[in-house]
Amino acid sequence: MGPDAQTEREKYLRREVLRYLGMGTSDPETVDPRILDGIEAALAELRRRTRPRFLHKICPLDFQGESEELLSFGEMFSVKSRSLQVNLRDCSEAVLFAATLGAEADQLIRRASSRDISQGLIMEAAATALIEDFCDGWQMEIEAEMNRQGKTLRPRFSPGYGDFDIAHQKDMIRLLDTPRQLGVSLTEGGMLAPSKSVTAVMGAAPWEEETAGSQSDGSGENGGKVSGKRQRCHIHGCEACGKKDCLYRRNK
């Protein structure tokens, strides 16, 4: 990643912290400098004290049923979800992904909250933005490897989003063995612990596609195939993408 891209990523990260603080898309230049200073301090401490980790596993993906809303991830588990089916359409593989900032992030949030509630809120927002940024970074690494294999990668889709039942967190942590590999488990209420942890599914589809066309196939007859590339998905998902008519858009 070049210096310009890194700078833009850092700017995006700070805007995300403001968004998690409930300040929408506020221009940092209009925000109270004390809040900005608090954000910088929180990010610095989180980066110094936490130990982010991730893992992923690739498995075959099958669509079943008349509506193809039942998705099978190899022989490991199945999901019935319309929104996930749309997001993973045309994918032949799925990447199961998990990441965490570790228990240290929860400790920093508790410590900041005990000193001052506003500091606690800033630390909470900074930790949420940082785990998402960490996931983005590894997603780009996985996508680069997929591109080298002639595939493109769909955005992360986590249990609890749309009609992808949050109960499937159990399947995710079981298959990825996150308690042993990352120290991530489920609470009795079905939430991930440590709290700044993520599980997600990403689809992998062939980068090159063939679509029916009216061009000549070289034999003088029409009806040949036209080769093209699928659109690369936005790293921050459908909400950040301007292509409103995309076939794979979430919550169509």
# chains A, B, ... in the order shown; residues from 1 in each chain; ligands from 1
$ residues_around --residues "A:Arg49" --least-positions-apart "3" --cutoff "8 Å" --atoms "only C-alpha atoms" --output "count of residues only"
4
$ residues_around --residues "A:Gly190" --least-positions-apart "3" --cutoff "12 Å" --atoms "only C-alpha atoms" --output "list in words"
Pro159, Gly160, Asp165, Ile166, Ala167, His168, Gln169, Lys170, Asp171, Ile173, Ser185, Leu186, Thr187, Ala193 and Ser195 of chain A
$ write_last_selection --atoms "all heavy atoms" --output "JSON list (two decimals), in the first residue's frame"
[["chain", "number", "residue", "atom", "x", "y", "z"],
["A", 159, "PRO", "N", -22.90, -13.22, 10.52],
["A", 159, "PRO", "CA", -24.14, -13.68, 11.16],
["A", 159, "PRO", "C", -24.80, -12.55, 11.93],
["A", 159, "PRO", "O", -24.12, -11.76, 12.61],
["A", 159, "PRO", "CB", -23.64, -14.78, 12.11],
["A", 159, "PRO", "CG", -22.38, -15.28, 11.49],
["A", 159, "PRO", "CD", -21.74, -14.08, 10.88],
["A", 160, "GLY", "N", -26.11, -12.44, 11.78],
["A", 160, "GLY", "CA", -26.84, -11.35, 12.41],
["A", 160, "GLY", "C", -27.18, -10.24, 11.44],
["A", 160, "GLY", "O", -28.01, -9.37, 11.75],
["A", 165, "ASP", "N", -29.02, -15.73, 10.16],
["A", 165, "ASP", "CA", -29.31, -15.89, 11.59],
["A", 165, "ASP", "C", -28.03, -15.83, 12.43],
["A", 165, "ASP", "O", -27.05, -16.52, 12.15],
["A", 165, "ASP", "CB", -30.01, -17.23, 11.81],
["A", 165, "ASP", "CG", -30.72, -17.30, 13.15],
["A", 165, "ASP", "OD1", -30.20, -16.77, 14.15],
["A", 165, "ASP", "OD2", -31.81, -17.91, 13.20],
["A", 166, "ILE", "N", -28.08, -15.02, 13.48],
["A", 166, "ILE", "CA", -26.93, -14.87, 14.37],
["A", 166, "ILE", "C", -26.59, -16.18, 15.08],
["A", 166, "ILE", "O", -25.46, -16.36, 15.57],
["A", 166, "ILE", "CB", -27.17, -13.74, 15.39],
["A", 166, "ILE", "CG1", -25.83, -13.30, 16.01],
["A", 166, "ILE", "CG2", -28.17, -14.18, 16.45],
["A", 166, "ILE", "CD1", -25.94, -12.04, 16.82],
["A", 167, "ALA", "N", -27.54, -17.11, 15.10],
["A", 167, "ALA", "CA", -27.28, -18.42, 15.72],
["A", 167, "ALA", "C", -26.14, -19.14, 15.01],
["A", 167, "ALA", "O", -25.51, -20.04, 15.60],
["A", 167, "ALA", "CB", -28.54, -19.27, 15.69],
["A", 168, "HIS", "N", -25.84, -18.75, 13.77],
["A", 168, "HIS", "CA", -24.76, -19.40, 13.03],
["A", 168, "HIS", "C", -23.38, -18.99, 13.52],
["A", 168, "HIS", "O", -22.37, -19.50, 13.02],
["A", 168, "HIS", "CB", -24.91, -19.14, 11.53],
["A", 168, "HIS", "CG", -26.06, -19.88, 10.90],
["A", 168, "HIS", "ND1", -26.08, -21.26, 10.80],
["A", 168, "HIS", "CD2", -27.23, -19.45, 10.38],
["A", 168, "HIS", "CE1", -27.20, -21.64, 10.22],
["A", 168, "HIS", "NE2", -27.91, -20.57, 9.96],
["A", 169, "GLN", "N", -23.33, -18.06, 14.49],
["A", 169, "GLN", "CA", -22.04, -17.79, 15.13],
["A", 169, "GLN", "C", -21.45, -19.09, 15.69],
["A", 169, "GLN", "O", -20.24, -19.30, 15.67],
["A", 169, "GLN", "CB", -22.20, -16.77, 16.27],
["A", 169, "GLN", "CG", -22.54, -15.36, 15.85],
["A", 169, "GLN", "CD", -21.33, -14.58, 15.32],
["A", 169, "GLN", "OE1", -20.39, -15.16, 14.78],
["A", 169, "GLN", "NE2", -21.37, -13.29, 15.48],
["A", 170, "LYS", "N", -22.33, -19.95, 16.20],
["A", 170, "LYS", "CA", -21.85, -21.22, 16.77],
["A", 170, "LYS", "C", -21.13, -22.05, 15.72],
["A", 170, "LYS", "O", -20.09, -22.66, 15.99],
["A", 170, "LYS", "CB", -23.04, -22.03, 17.32],
["A", 170, "LYS", "CG", -23.65, -21.46, 18.60],
["A", 170, "LYS", "CD", -24.76, -22.37, 19.11],
["A", 170, "LYS", "CE", -25.36, -21.83, 20.39],
["A", 170, "LYS", "NZ", -26.45, -22.70, 20.89],
["A", 171, "ASP", "N", -21.69, -22.09, 14.51],
["A", 171, "ASP", "CA", -21.04, -22.84, 13.43],
["A", 171, "ASP", "C", -19.69, -22.23, 13.08],
["A", 171, "ASP", "O", -18.71, -22.94, 12.86],
["A", 171, "ASP", "CB", -21.93, -22.85, 12.18],
["A", 171, "ASP", "CG", -23.23, -23.58, 12.41],
["A", 171, "ASP", "OD1", -23.19, -24.71, 12.94],
["A", 171, "ASP", "OD2", -24.29, -23.03, 12.08],
["A", 173, "ILE", "N", -17.58, -20.33, 14.93],
["A", 173, "ILE", "CA", -16.50, -20.50, 15.90],
["A", 173, "ILE", "C", -16.10, -21.98, 16.03],
["A", 173, "ILE", "O", -14.95, -22.29, 16.32],
["A", 173, "ILE", "CB", -16.86, -19.91, 17.28],
["A", 173, "ILE", "CG1", -18.00, -20.67, 17.95],
["A", 173, "ILE", "CG2", -17.19, -18.43, 17.16],
["A", 173, "ILE", "CD1", -18.18, -20.29, 19.41],
["A", 185, "SER", "N", -14.78, -16.84, 21.96],
["A", 185, "SER", "CA", -15.85, -17.79, 22.26],
["A", 185, "SER", "C", -17.18, -17.07, 22.24],
["A", 185, "SER", "O", -17.26, -15.88, 21.90],
["A", 185, "SER", "CB", -15.60, -18.44, 23.63],
["A", 185, "SER", "OG", -15.53, -17.44, 24.64],
["A", 186, "LEU", "N", -18.24, -17.80, 22.61],
["A", 186, "LEU", "CA", -19.58, -17.22, 22.66],
["A", 186, "LEU", "C", -20.04, -17.10, 24.11],
["A", 186, "LEU", "O", -19.81, -18.00, 24.92],
["A", 186, "LEU", "CB", -20.59, -18.09, 21.90],
["A", 186, "LEU", "CG", -20.66, -17.97, 20.39],
["A", 186, "LEU", "CD1", -21.73, -18.90, 19.85],
["A", 186, "LEU", "CD2", -20.92, -16.55, 19.94],
["A", 187, "THR", "N", -20.72, -15.98, 24.40],
["A", 187, "THR", "CA", -21.36, -15.85, 25.71],
["A", 187, "THR", "C", -22.66, -16.64, 25.71],
["A", 187, "THR", "O", -23.10, -17.13, 24.66],
["A", 187, "THR", "CB", -21.66, -14.37, 26.01],
["A", 187, "THR", "OG1", -22.68, -13.91, 25.10],
["A", 187, "THR", "CG2", -20.41, -13.51, 25.85],
["A", 193, "ALA", "N", -17.05, -13.07, 22.44],
["A", 193, "ALA", "CA", -16.20, -12.56, 23.50],
["A", 193, "ALA", "C", -14.76, -13.01, 23.22],
["A", 193, "ALA", "O", -14.55, -14.20, 22.97],
["A", 193, "ALA", "CB", -16.66, -13.08, 24.87],
["A", 195, "SER", "N", -15.36, -8.75, 22.99],
["A", 195, "SER", "CA", -16.42, -8.07, 22.23],
["A", 195, "SER", "C", -15.94, -7.53, 20.89],
["A", 195, "SER", "O", -16.72, -7.47, 19.94],
["A", 195, "SER", "CB", -17.02, -6.94, 23.07],
["A", 195, "SER", "OG", -16.08, -5.91, 23.29]]
$ atom_distance --atom1 "atom CA of A:Pro206" --atom2 "atom CA of A:Arg82"
21.4 Å
$ select_by_dssp --residues "stretch 85-163 of chain A" --states "helix (DSSP H, G or I)" --output "PyMOL selection string"
chain A and resi 85-87+103-115+117-148
